[in-house]
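Structure file query-v2.cif; described as mmCIF, C-alpha atoms and all ligand atoms.
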```
data_final
loop_
_atom_site.label_atom_id
_atom_site.label_comp_id
_atom_site.auth_asym_id
_atom_site.auth_seq_id
_atom_site.Cartn_x
_atom_site.Cartn_y
_atom_site.Cartn_z
CA MET A 376 24.20 -97.48 84.98
CA ILE A 377 22.03 -98.99 87.63
CA HIS A 378 20.64 -102.50 87.37
CA ARG A 379 17.00 -103.43 87.29
CA ASN A 380 15.66 -105.47 90.18
CA PRO A 381 15.80 -108.90 88.52
CA ARG A 382 12.53 -109.86 90.20
CA LEU A 383 10.68 -107.45 87.94
CA ALA A 384 11.76 -109.51 84.95
CA VAL A 385 10.35 -112.65 86.57
CA LEU A 386 6.80 -111.31 86.34
CA LYS A 387 5.24 -113.08 83.38
CA ALA A 388 2.96 -110.29 82.19
CA GLY A 389 1.73 -106.83 83.09
CA TYR A 390 -0.65 -106.46 86.02
CA LEU A 391 -4.00 -107.97 85.03
CA PHE A 392 -6.25 -104.91 85.17
CA PRO A 393 -4.07 -102.47 83.17
CA GLU A 394 -3.71 -105.30 80.61
CA ILE A 395 -7.50 -105.46 80.30
CA ALA A 396 -7.67 -101.67 79.97
CA ARG A 397 -5.06 -101.92 77.20
CA ARG A 398 -7.11 -104.51 75.31
CA LYS A 399 -10.19 -102.33 75.70
CA ARG A 400 -8.32 -99.33 74.23
CA GLU A 401 -7.10 -101.50 71.34
CA PHE A 402 -10.63 -102.71 70.64
CA ALA A 403 -12.09 -99.21 70.95
CA ALA A 404 -9.50 -97.87 68.49
CA ALA A 405 -10.50 -100.52 65.93
CA HIS A 406 -14.25 -100.15 66.63
CA PRO A 407 -14.82 -96.51 67.57
CA GLU A 408 -17.91 -95.68 69.58
CA ASP A 409 -20.57 -93.86 67.60
CA PRO A 410 -22.44 -91.39 69.87
CA ALA A 411 -25.49 -91.76 67.62
CA LYS A 412 -25.49 -95.52 68.27
CA PRO A 413 -25.58 -96.26 72.02
CA GLU A 414 -25.13 -99.95 71.31
CA THR A 415 -21.53 -99.27 70.23
CA ARG A 416 -20.58 -97.99 73.70
CA ILE A 417 -18.43 -100.36 75.75
CA ILE A 418 -19.87 -101.14 79.19
CA SER A 419 -17.41 -102.22 81.87
CA LEU A 420 -18.13 -105.17 84.13
CA GLY A 421 -14.36 -105.67 84.31
CA VAL A 422 -12.31 -104.22 87.13
CA GLY A 423 -14.06 -104.16 90.50
CA ASN A 424 -14.19 -100.40 90.78
CA THR A 425 -17.09 -98.71 92.57
CA THR A 426 -19.25 -96.37 90.47
CA GLU A 427 -21.95 -94.89 92.73
CA PRO A 428 -21.59 -91.55 94.54
CA ILE A 429 -20.56 -91.63 98.19
CA LEU A 430 -23.74 -91.42 100.27
CA PRO A 431 -24.56 -88.16 102.11
CA HIS A 432 -23.72 -88.93 105.73
CA ILE A 433 -20.37 -90.48 104.89
CA ASN A 434 -19.64 -87.66 102.48
CA ARG A 435 -20.39 -85.10 105.20
CA GLY A 436 -17.75 -86.86 107.31
CA LEU A 437 -15.23 -86.36 104.51
CA THR A 438 -16.08 -82.70 103.88
CA GLU A 439 -16.16 -81.98 107.62
CA GLY A 440 -12.73 -83.62 107.92
CA ALA A 441 -11.40 -81.31 105.22
CA ARG A 442 -13.11 -78.23 106.73
CA LYS A 443 -11.60 -78.88 110.17
CA LEU A 444 -8.11 -78.76 108.70
CA ALA A 445 -8.59 -75.03 108.11
CA LEU A 446 -9.33 -74.40 111.80
CA PRO A 447 -6.56 -73.71 114.33
CA GLY A 448 -8.10 -76.20 116.77
CA GLY A 449 -9.01 -78.72 114.10
CA TYR A 450 -5.74 -79.06 112.25
CA SER A 451 -3.84 -82.35 112.36
CA GLY A 452 -0.64 -83.57 110.70
CA TYR A 453 1.00 -87.00 110.64
CA GLN A 454 -0.94 -89.71 112.45
CA ASP A 455 1.18 -92.79 111.87
CA GLU A 456 -1.01 -95.43 113.46
CA GLY A 457 -4.36 -93.93 112.57
CA LEU A 458 -6.91 -92.08 114.68
CA LEU A 459 -7.38 -93.83 118.00
CA GLU A 460 -11.11 -93.19 117.75
CA LEU A 461 -11.28 -94.90 114.35
CA ARG A 462 -9.31 -97.93 115.54
CA GLU A 463 -11.60 -98.29 118.54
CA LYS A 464 -14.65 -97.87 116.36
CA ILE A 465 -13.45 -100.56 113.92
CA SER A 466 -12.88 -102.94 116.82
CA GLY A 467 -16.31 -102.22 118.32
CA THR A 468 -18.15 -102.42 114.98
CA PHE A 469 -16.62 -105.47 113.34
CA TYR A 470 -14.96 -107.48 116.13
CA GLN A 471 -17.29 -107.10 119.12
CA GLY A 472 -18.43 -110.69 119.14
CA VAL A 473 -15.23 -112.40 117.98
CA SER A 474 -13.60 -115.27 119.77
CA GLY A 475 -11.44 -113.83 122.58
CA GLY A 476 -13.27 -110.49 122.59
CA PRO A 477 -12.68 -107.29 120.60
CA PHE A 478 -9.18 -106.19 119.68
CA SER A 479 -7.25 -103.46 121.42
CA ALA A 480 -6.52 -100.35 119.36
CA ASP A 481 -2.85 -101.34 118.93
CA GLU A 482 -3.87 -104.51 117.11
CA ILE A 483 -5.68 -102.47 114.43
CA PHE A 484 -3.56 -100.58 111.91
CA ILE A 485 -5.22 -98.00 109.66
CA SER A 486 -3.94 -97.91 106.09
CA ASP A 487 -4.53 -96.47 102.66
CA GLY A 488 -6.16 -99.70 101.51
CA ALA A 489 -5.91 -103.46 101.53
CA LYS A 490 -3.87 -103.70 98.32
CA CYS A 491 -1.18 -101.44 99.76
CA ASP A 492 -1.06 -103.55 102.93
CA ILE A 493 -0.74 -106.77 100.90
CA GLY A 494 2.32 -105.24 99.24
CA ARG A 495 3.87 -104.13 102.51
CA LEU A 496 3.07 -107.40 104.30
CA GLN A 497 5.58 -109.24 102.13
CA LEU A 498 8.32 -107.37 104.02
CA LEU A 499 7.45 -109.35 107.16
CA PHE A 500 8.24 -112.66 105.51
CA GLY A 501 10.96 -111.91 102.97
CA PRO A 502 12.17 -113.94 100.00
CA ASP A 503 12.36 -117.28 101.84
CA ALA A 504 8.64 -117.40 102.61
CA LYS A 505 6.62 -120.38 101.42
CA VAL A 506 3.49 -118.96 99.80
CA ALA A 507 0.15 -120.66 99.19
CA VAL A 508 -2.88 -119.19 97.42
CA GLN A 509 -6.37 -120.22 96.51
CA ASP A 510 -6.42 -120.83 92.78
CA PRO A 511 -7.91 -118.62 91.32
CA SER A 512 -7.04 -115.61 93.48
CA TYR A 513 -6.63 -111.84 93.54
CA PRO A 514 -3.39 -111.42 91.53
CA VAL A 515 -1.65 -109.15 94.05
CA TYR A 516 -0.86 -112.05 96.42
CA VAL A 517 1.11 -113.84 93.71
CA ASP A 518 2.64 -110.86 91.92
CA GLY A 519 3.65 -109.31 95.26
CA SER A 520 5.36 -112.57 96.25
CA VAL A 521 7.24 -112.63 92.95
CA LEU A 522 8.42 -109.05 93.50
CA MET A 523 9.65 -110.01 96.97
CA GLY A 524 11.62 -112.90 95.48
CA ALA A 525 9.52 -115.54 97.24
CA ALA A 526 8.30 -116.97 93.94
CA GLY A 527 9.34 -117.54 90.36
CA PRO A 528 10.22 -118.16 87.64
CA TRP A 529 7.07 -118.84 85.64
CA THR A 530 6.87 -122.53 84.80
CA GLY A 531 3.91 -122.60 82.43
CA GLY A 532 1.23 -123.56 84.92
CA GLY A 533 2.17 -121.01 87.57
CA TYR A 534 5.14 -119.52 89.44
CA ASP A 535 7.67 -121.87 90.93
CA GLY A 536 7.55 -121.81 94.72
CA ILE A 537 3.87 -120.95 95.01
CA SER A 538 1.38 -123.60 96.07
CA TYR A 539 -1.78 -123.13 94.05
CA LEU A 540 -4.71 -124.76 95.86
CA PRO A 541 -7.44 -125.27 93.26
CA CYS A 542 -10.91 -123.95 94.09
CA THR A 543 -13.19 -125.44 91.48
CA ALA A 544 -16.77 -126.58 91.05
CA GLU A 545 -15.63 -130.07 92.11
CA ASN A 546 -14.67 -128.87 95.61
CA SER A 547 -17.38 -126.16 95.83
CA TYR A 548 -14.64 -123.52 95.52
CA PHE A 549 -13.04 -124.44 98.84
CA PRO A 550 -9.52 -125.88 98.62
CA ASP A 551 -8.34 -129.32 99.67
CA LEU A 552 -6.52 -128.32 102.86
CA SER A 553 -4.46 -131.51 102.93
CA LYS A 554 -2.48 -129.86 100.09
CA LEU A 555 -1.44 -126.93 102.33
CA LYS A 556 2.29 -127.26 103.03
CA GLU A 557 3.70 -126.79 106.53
CA ASN A 558 4.89 -123.35 107.60
CA SER A 559 3.41 -121.49 104.66
CA ILE A 560 1.72 -118.14 104.35
CA PHE A 561 -1.75 -118.80 102.99
CA TYR A 562 -3.56 -115.90 101.32
CA PHE A 563 -7.24 -116.63 101.75
CA CYS A 564 -10.09 -114.42 100.54
CA SER A 565 -13.76 -114.73 101.55
CA PRO A 566 -16.11 -113.58 100.05
CA ASN A 567 -13.78 -114.62 97.32
CA ASN A 568 -12.42 -112.57 94.49
CA PRO A 569 -12.89 -113.81 91.79
CA THR A 570 -15.21 -116.79 92.45
CA GLY A 571 -17.72 -114.99 94.66
CA ALA A 572 -17.77 -118.07 96.91
CA VAL A 573 -18.14 -117.43 100.64
CA SER A 574 -16.61 -119.90 103.09
CA THR A 575 -18.93 -121.35 105.72
CA ARG A 576 -18.16 -121.51 109.42
CA PRO A 577 -17.23 -125.24 109.31
CA GLN A 578 -14.92 -124.54 106.35
CA LEU A 579 -13.18 -121.71 108.20
CA GLU A 580 -12.92 -123.87 111.32
CA ALA A 581 -11.18 -126.51 109.22
CA LEU A 582 -8.90 -123.81 107.77
CA VAL A 583 -7.87 -122.54 111.21
CA ALA A 584 -7.36 -126.07 112.54
CA GLU A 585 -5.13 -126.92 109.56
CA ALA A 586 -3.11 -123.70 109.90
CA LEU A 587 -2.54 -124.32 113.62
CA LYS A 588 -1.55 -127.94 112.97
CA LYS A 589 0.90 -127.04 110.21
CA GLY A 590 2.36 -123.80 111.60
CA CYS A 591 0.88 -121.72 108.77
CA LEU A 592 -0.12 -118.06 108.83
CA ILE A 593 -3.46 -117.18 107.20
CA VAL A 594 -3.57 -113.77 105.57
CA PHE A 595 -7.33 -113.38 105.47
CA ASP A 596 -8.65 -110.83 102.99
CA ALA A 597 -12.12 -109.69 104.07
CA ALA A 598 -12.43 -106.77 101.63
CA TYR A 599 -15.95 -107.91 100.62
CA ALA A 600 -17.26 -108.90 104.09
CA GLU A 601 -20.06 -106.31 104.03
CA TYR A 602 -21.56 -108.05 101.00
CA ILE A 603 -22.45 -111.05 103.16
CA ARG A 604 -26.20 -111.13 103.72
CA ASP A 605 -26.55 -114.67 105.03
CA PRO A 606 -26.16 -114.36 108.84
CA ALA A 607 -24.76 -117.90 109.07
CA LEU A 608 -21.65 -116.92 107.05
CA PRO A 609 -18.75 -115.45 109.08
CA LYS A 610 -17.60 -111.95 108.08
CA THR A 611 -14.23 -112.31 109.78
CA ILE A 612 -11.74 -115.13 110.37
CA PHE A 613 -11.65 -114.06 114.02
CA ALA A 614 -15.15 -115.46 114.46
CA ILE A 615 -13.30 -118.79 114.63
CA PRO A 616 -11.63 -119.82 117.92
CA GLY A 617 -7.85 -120.20 117.48
CA ALA A 618 -7.64 -117.68 114.60
CA ARG A 619 -5.80 -115.14 116.80
CA GLU A 620 -2.85 -117.55 116.93
CA CYS A 621 -2.65 -118.14 113.17
CA ALA A 622 -4.30 -115.31 111.19
CA LEU A 623 -4.16 -111.64 110.40
CA GLU A 624 -6.93 -109.90 108.52
CA LEU A 625 -7.04 -107.25 105.81
CA ASN A 626 -10.09 -105.08 105.25
CA SER A 627 -11.06 -101.92 103.45
CA PHE A 628 -13.61 -99.14 103.11
CA SER A 629 -13.25 -99.34 99.31
CA LYS A 630 -16.05 -101.71 98.42
CA PRO A 631 -18.54 -101.11 101.27
CA ALA A 632 -18.34 -97.31 101.37
CA GLY A 633 -17.21 -96.48 97.83
CA PHE A 634 -13.72 -95.40 99.00
CA THR A 635 -11.79 -96.94 96.06
CA GLY A 636 -10.53 -93.44 95.25
CA VAL A 637 -10.61 -91.99 98.78
CA ARG A 638 -8.30 -94.81 100.03
CA LEU A 639 -8.83 -96.22 103.52
CA GLY A 640 -8.39 -99.70 104.96
CA TRP A 641 -7.14 -101.56 108.00
CA THR A 642 -5.24 -104.65 109.03
CA VAL A 643 -5.80 -106.57 112.25
CA VAL A 644 -2.63 -108.15 113.65
CA PRO A 645 -3.39 -109.94 116.93
CA LYS A 646 -0.77 -109.78 119.67
CA GLU A 647 -0.93 -113.57 119.98
CA LEU A 648 0.64 -113.99 116.51
CA ARG A 649 4.26 -115.16 116.63
CA TYR A 650 6.97 -116.21 114.20
CA ALA A 651 8.74 -119.56 114.59
CA GLY A 652 11.37 -117.82 116.76
CA GLY A 653 8.72 -116.46 119.14
CA GLU A 654 8.99 -112.81 118.04
CA SER A 655 5.81 -110.72 117.82
CA ILE A 656 4.37 -110.21 114.33
CA ASN A 657 2.33 -107.29 115.68
CA ALA A 658 5.53 -105.50 116.83
CA ASP A 659 7.15 -106.05 113.42
CA TRP A 660 4.10 -104.77 111.54
CA ASN A 661 4.19 -101.67 113.71
CA ARG A 662 7.88 -101.26 112.80
CA VAL A 663 7.28 -101.77 109.06
CA MET A 664 4.31 -99.41 108.95
CA GLY A 665 6.12 -96.76 111.00
CA THR A 666 9.06 -96.95 108.61
CA ILE A 667 7.53 -96.94 105.15
CA PHE A 668 4.01 -95.58 105.67
CA ASN A 669 3.08 -92.21 107.08
CA GLY A 670 -0.54 -92.83 107.95
CA ALA A 671 -3.80 -92.70 106.04
CA SER A 672 -5.21 -89.34 104.99
CA ASN A 673 -6.86 -87.61 107.94
CA ILE A 674 -9.73 -86.61 105.64
CA ALA A 675 -10.30 -90.24 104.65
CA GLN A 676 -10.24 -91.23 108.32
CA ALA A 677 -12.91 -88.62 109.13
CA GLY A 678 -14.98 -90.22 106.37
CA GLY A 679 -14.29 -93.66 107.89
CA LEU A 680 -15.56 -92.49 111.28
CA ALA A 681 -18.76 -91.22 109.68
CA ALA A 682 -19.12 -94.55 107.85
CA LEU A 683 -19.09 -96.40 111.16
CA SER A 684 -21.82 -94.27 112.79
CA PRO A 685 -25.33 -95.78 112.74
CA GLU A 686 -26.29 -93.59 109.73
CA GLY A 687 -23.05 -94.50 107.95
CA LEU A 688 -23.56 -98.21 108.54
CA GLY A 689 -27.05 -97.83 107.09
CA GLU A 690 -25.52 -96.23 103.99
CA ILE A 691 -22.99 -99.07 103.70
CA ARG A 692 -25.85 -101.56 103.76
CA GLN A 693 -27.72 -99.54 101.14
CA LEU A 694 -24.71 -99.26 98.83
CA CYS A 695 -23.78 -102.93 99.08
CA GLY A 696 -27.47 -103.78 98.54
CA PHE A 697 -27.42 -101.75 95.32
CA TYR A 698 -24.42 -103.64 93.92
CA LEU A 699 -25.86 -106.97 95.10
CA GLU A 700 -29.01 -106.23 93.08
CA ASN A 701 -26.77 -105.60 90.06
CA ALA A 702 -25.10 -108.95 90.75
CA ARG A 703 -28.47 -110.71 90.90
CA ARG A 704 -29.45 -109.27 87.51
CA ILE A 705 -26.14 -110.21 85.88
CA ARG A 706 -26.38 -113.74 87.20
CA GLU A 707 -29.95 -114.01 85.93
CA ALA A 708 -28.87 -112.80 82.49
CA LEU A 709 -26.18 -115.48 82.42
CA GLU A 710 -28.53 -118.29 83.27
CA LYS A 711 -28.58 -119.91 79.86
CA PRO A 712 -27.47 -123.22 78.37
CA GLY A 713 -23.69 -123.42 77.97
CA VAL A 714 -22.88 -121.29 81.04
CA SER A 715 -22.80 -122.14 84.74
CA CYS A 716 -22.42 -119.47 87.41
CA VAL A 717 -21.53 -119.13 91.06
CA GLY A 718 -21.27 -116.05 93.27
CA GLY A 719 -23.24 -112.85 93.14
CA ASP A 720 -25.42 -113.56 96.18
CA ASN A 721 -23.15 -112.64 99.11
CA SER A 722 -20.52 -111.09 96.87
CA PRO A 723 -20.27 -108.54 94.04
CA TYR A 724 -18.64 -111.00 91.61
CA ILE A 725 -20.20 -113.62 89.36
CA TRP A 726 -17.90 -116.41 88.24
CA ALA A 727 -19.20 -117.85 84.99
CA ARG A 728 -17.91 -121.02 83.39
CA PHE A 729 -17.92 -121.49 79.63
CA PRO A 730 -16.93 -125.16 79.31
CA GLY A 731 -14.30 -125.89 76.71
CA ARG A 732 -13.62 -122.22 76.01
CA ASP A 733 -10.37 -120.34 76.57
CA SER A 734 -10.85 -117.43 78.99
CA TRP A 735 -9.11 -114.82 76.87
CA ASP A 736 -11.00 -115.93 73.73
CA MET A 737 -14.28 -115.72 75.63
CA PHE A 738 -13.30 -112.30 76.97
CA ALA A 739 -12.69 -111.16 73.36
CA GLU A 740 -15.96 -112.69 72.15
CA ILE A 741 -18.03 -110.97 74.85
CA LEU A 742 -16.30 -107.68 74.05
CA GLU A 743 -16.92 -108.07 70.31
CA THR A 744 -20.46 -109.44 70.48
CA CYS A 745 -21.82 -107.48 73.43
CA ARG A 746 -19.35 -104.62 73.86
CA VAL A 747 -19.14 -105.62 77.49
CA LEU A 748 -15.76 -105.61 79.21
CA THR A 749 -15.14 -108.49 81.65
CA THR A 750 -12.13 -110.13 83.30
CA PRO A 751 -10.83 -113.46 81.94
CA GLY A 752 -10.66 -116.10 84.66
CA ALA A 753 -7.22 -117.31 83.57
CA GLY A 754 -5.83 -113.95 84.78
CA PHE A 755 -6.53 -115.08 88.35
CA GLY A 756 -4.63 -118.37 88.14
CA PRO A 757 -4.47 -121.69 86.29
CA SER A 758 -7.83 -122.91 87.67
CA GLY A 759 -9.54 -119.81 86.24
CA GLN A 760 -9.23 -121.17 82.71
CA SER A 761 -12.64 -121.29 80.91
CA PHE A 762 -14.11 -118.81 83.38
CA ILE A 763 -15.07 -115.14 83.10
CA ARG A 764 -15.47 -112.82 86.09
CA PHE A 765 -18.35 -110.35 85.88
CA SER A 766 -18.15 -107.42 88.31
CA ALA A 767 -21.41 -105.99 89.67
CA PHE A 768 -19.92 -102.52 90.13
CA GLY A 769 -21.73 -100.32 87.63
CA HIS A 770 -24.59 -97.85 87.18
CA ARG A 771 -27.96 -99.60 87.10
CA ALA A 772 -28.78 -98.47 83.56
CA ASP A 773 -25.42 -99.77 82.32
CA VAL A 774 -25.92 -103.11 84.05
CA GLU A 775 -29.43 -103.41 82.57
CA GLU A 776 -28.07 -102.64 79.12
CA ALA A 777 -25.18 -105.10 79.57
CA CYS A 778 -27.59 -107.83 80.69
CA GLU A 779 -29.70 -107.29 77.60
CA ARG A 780 -26.65 -107.45 75.36
CA LEU A 781 -25.45 -110.69 77.02
CA GLY A 782 -28.54 -112.24 75.42
CA ARG A 783 -26.70 -111.95 72.07
CA LEU A 784 -24.07 -114.51 73.08
CA LYS A 785 -24.41 -117.64 70.99
CA LEU A 786 -23.11 -120.53 73.08
N1 LIG A 801 -8.49 -107.26 98.22
C1 LIG A 801 -9.27 -107.84 97.29
C2 LIG A 801 -9.65 -109.25 97.44
C3 LIG A 801 -9.69 -107.09 96.17
O1 LIG A 801 -10.44 -107.67 95.25
C4 LIG A 801 -9.30 -105.74 96.03
C5 LIG A 801 -9.70 -104.93 94.84
C6 LIG A 801 -8.52 -105.19 97.05
C7 LIG A 801 -8.12 -105.98 98.12
C8 LIG A 801 -8.07 -103.77 97.01
O2 LIG A 801 -8.61 -103.07 98.07
P1 LIG A 801 -8.21 -101.56 98.37
O3 LIG A 801 -8.54 -101.41 99.83
O4 LIG A 801 -8.99 -100.68 97.50
O5 LIG A 801 -6.73 -101.43 98.14
N2 LIG A 801 -9.84 -105.67 93.65
C9 LIG A 801 -10.44 -105.08 92.47
C10 LIG A 801 -9.64 -103.91 91.95
C11 LIG A 801 -8.41 -104.24 91.21
C12 LIG A 801 -7.11 -104.00 91.94
O6 LIG A 801 -6.09 -104.04 91.32
O7 LIG A 801 -7.13 -103.82 93.18
C13 LIG A 801 -10.64 -106.17 91.43
O8 LIG A 801 -11.22 -105.89 90.38
O9 LIG A 801 -10.24 -107.32 91.64
#
```
Show how you would write the structure in this file as structure tokens.
Amino acid sequence: MIHRNPRLAVLKAGYLFPEIARRKREFAAAHPEDPAKPETRIISLGVGNTTEPILPHINRGLTEGARKLALPGGYSGYQDEGLLELREKISGTFYQGVSGGPFSADEIFISDGAKCDIGRLQLLFGPDAKVAVQDPSYPVYVDGSVLMGAAGPWTGGGYDGISYLPCTAENSYFPDLSKLKENSIFYFCSPNNPTGAVSTRPQLEALVAEALKKGCLIVFDAAYAEYIRDPALPKTIFAIPGARECALELNSFSKPAGFTGVRLGWTVVPKELRYAGGESINADWNRVMGTIFNGASNIAQAGGLAALSPEGLGEIRQLCGFYLENARRIREALEKPGVSCVGGDNSPYIWARFPGRDSWDMFAEILETCRVLTTPGAGFGPSGQSFIRFSAFGHRADVEEACERLGRLKL
């Protein structure tokens, strides 16, 4: 018999989102939907999964990409590092004005999504890495570190070996950087999942300065950058001088272009980035990706190219604008005594605090009273207790209905 990787047993619970889906199924089994009574239908504002159709120009890119594969001159096979044209386009679109100038194509690695890259990134650092996260945070940073052996066991308040840097109302959802330990890998997400908070330029300058001073690497997750509407807020960590020496950046077409199912993302690994021993992190990422990843779908990449054309960028703005309007409505519906909210203006998440309430109890109460599925804040880390995350990804009619039902909550 073979033995189970002991690190799997260290994980405290199942992955957050399947767990929520399980609780929804359990609830639905006990309270079946009645098609004659629309109010019994469960509306999901839970997992951040896009719902709106891919817009026409971007979709033409995808279908054209598929059509070309049937042509002798259009066929392509493995493309390990991603289409050169797409890498150049990403650099020119998102990193034109960054400190130190745009990136070269070999600093941009095309992938099948940011989550997949977060998982693979752990291979660069191994089980001895010191990991720090914003608390609350996207659960993959922590669970991935546990799987790599860099964290665990569970100690009640969190996993041993992980530094949880609280992001709470008291510090305006930006961590106390003096708590960042030397030589750690700091997963940092802005616009933040789950709080919806967006770090300002001075905050990111302080983050970069602290990372440089303490020999830390920032893994900056910019998956929601296109939701930023305030021009004063940076969309990339590389807007900050010095970031090329201490940060890499994850990004994705999932949330801006509706590619959650198509799967396409990228990671920027500057050539300036070095380990303590002086070796190139860029060279190692190239080695890791070449070994365990065989390139993103060429159809998805054709869609990505279309998304970065002027028409495509217009569609991205339109789609993000649609979800931001959902977010505005949800936040408005939650403006009532007994709740306080942040997020939802430059981000598709609203982070609502129900003082004195347990997150999972509140999650159950909203499901029972409103038949609206949410995500309990405690699932994102110890500082998420008493919070609920509302996702703005949903059809407009469903969001309107959910907002109306939220009026039933007695707080
Ligand atoms: N990074 C952040 C911060 C995310 O919130 C998500 C998705 C991803 C990366 C994943 O990007 P891909 O490029 O699509 O891989 N978070 C959603 C979906 C749940 C999940 O497990 O990814 C959420 O509800 O938090």
At most 9 Å is the cut-off: for each residue in chain A with any atom that close to an atom of ligand LIG 801 (chain A), write down the nearest atom pair and the distance in Å rounded to one decimal, counting only C-alpha atoms and all ligand atoms, chain first then increasing number, as CSV.
```
residue,atom,partner,partner_atom,distance
A:Tyr390,CA,A:LIG801,O6,8.0
A:Leu391,CA,A:LIG801,O6,7.7
A:Phe392,CA,A:LIG801,O6,6.2
A:Pro393,CA,A:LIG801,O6,8.5
A:Gly421,CA,A:LIG801,O8,6.8
A:Val422,CA,A:LIG801,O8,3.8
A:Gly423,CA,A:LIG801,O8,3.3
A:Asn424,CA,A:LIG801,C10,5.9
A:Ser486,CA,A:LIG801,O3,8.5
A:Asp487,CA,A:LIG801,O3,7.0
A:Gly488,CA,A:LIG801,O3,3.4
A:Ala489,CA,A:LIG801,O3,3.7
A:Lys490,CA,A:LIG801,O5,3.7
A:Cys491,CA,A:LIG801,O5,5.8
A:Asp492,CA,A:LIG801,O5,7.7
A:Ile493,CA,A:LIG801,C7,7.9
A:Ser512,CA,A:LIG801,C2,7.9
A:Tyr513,CA,A:LIG801,C2,5.6
A:Pro514,CA,A:LIG801,O6,7.9
A:Val515,CA,A:LIG801,O6,7.3
A:Phe563,CA,A:LIG801,C2,8.9
A:Cys564,CA,A:LIG801,C2,6.0
A:Ser565,CA,A:LIG801,C2,8.0
A:Pro566,CA,A:LIG801,C2,8.2
A:Asn567,CA,A:LIG801,C2,6.8
A:Asn568,CA,A:LIG801,C2,5.2
A:Pro569,CA,A:LIG801,O9,7.0
A:Asp596,CA,A:LIG801,C2,5.9
A:Ala597,CA,A:LIG801,C2,7.1
A:Ala598,CA,A:LIG801,N1,5.2
A:Tyr599,CA,A:LIG801,C2,7.2
A:Leu625,CA,A:LIG801,N1,7.7
A:Asn626,CA,A:LIG801,O3,6.7
A:Ser627,CA,A:LIG801,O3,4.4
A:Phe628,CA,A:LIG801,O3,6.5
A:Ser629,CA,A:LIG801,O4,4.8
A:Lys630,CA,A:LIG801,O4,7.2
A:Phe634,CA,A:LIG801,O4,7.2
A:Thr635,CA,A:LIG801,O4,4.9
A:Gly636,CA,A:LIG801,O4,7.7
A:Val637,CA,A:LIG801,O4,8.9
A:Arg638,CA,A:LIG801,O4,6.4
A:Leu639,CA,A:LIG801,O3,6.4
A:Gly640,CA,A:LIG801,O3,5.4
A:Trp641,CA,A:LIG801,O3,8.3
A:Thr750,CA,A:LIG801,O8,8.3
A:Ser766,CA,A:LIG801,O8,7.4
```
(request) Determine, counting only C-alpha atoms, every residue of protein, DNA or RNA that lies within 6 Å of (-23.2, -107.7, 71.3) in the file coordinates, then give the result as a ChimeraX atom specification. (result) /A:744-746,780,783
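Every protein or nucleic acid residue with an atom no more than 10 Å from A:Ala526, counting only C-alpha atoms and leaving out same-chain residues fewer than 5 positions away, appears here: Arg382, Val385, Leu386, Pro502, Asp503, Ala504, Lys505, Val506, Val517, Asp518, Gly519, Ser520, Val521, Gly533, Tyr534, Asp535, Gly536, Ile537 and Ser538 of chain A.
Between atom CA of A:Cys542 and atom CA of A:Asp510 the interatomic distance comes to 5.6 Å.
Here atom CA of A:Tyr724 stands at a distance of 26.3 Å from atom CA of A:Leu592.
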(request) Please provide the set of residues having any atom within 7 Å of A:Cys716, restricted to all atoms listed in the file, with same-chain residues fewer than 6 positions apart removed, written as a ChimeraX atom specification. (result) /A:706,725-728
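Between A:Glu439 and the candidates A:Leu699, A:Leu786, A:Val714, A:Leu680, the tightest atom-to-atom separation, counting only C-alpha atoms, involves A:Leu680.
Distance-wise, atom CA of A:Gly494 and atom CA of A:Leu748 end up 27.0 Å apart.
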(request) Between A:Asp481, A:Asp720, A:Pro541, A:Pro577, single out the one closest to A:Glu707, counting all atoms listed in the file. (result) A:Asp720
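For A:Ser734, the list of residues within 10 Å, based on only C-alpha atoms and with local chain neighbours fewer than 2 positions off taken out, reads Arg728, Phe729, Pro730, Gly731, Arg732, Asp736, Met737, Phe738, Ala739, Glu740, Thr750, Pro751, Gly752, Ala753, Gly754, Gly759, Gln760, Ser761, Phe762, Ile763 and Arg764 of chain A.
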Return as CSV the residues of stretch 511-627 of chain A lying at most 6 Å from stretch 642-645 of chain A, together with the closest atom-to-atom pair for each and the distance in Å to one decimal, counting all atoms listed in the file, with rows in chain order and ascending residue number.
```
residue,atom,partner,partner_atom,distance
A:Arg619,CA,A:Pro645,CA,5.7
A:Leu623,CA,A:Val644,CA,5.0
A:Glu624,CA,A:Val643,CA,5.1
A:Leu625,CA,A:Thr642,CA,4.5
```
Restricted to C-alpha atoms, what would the selected residues look like written as a PDB file, in the frame of the given file?
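Output (selection.pdb):
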```pdb
ATOM      1  CA  ARG A 619      -5.800-115.140 116.800  1.00  0.00           C
ATOM      2  CA  LEU A 623      -4.160-111.640 110.400  1.00  0.00           C
ATOM      3  CA  GLU A 624      -6.930-109.900 108.520  1.00  0.00           C
ATOM      4  CA  LEU A 625      -7.040-107.250 105.810  1.00  0.00           C
TER       5      LEU A 625
END
```
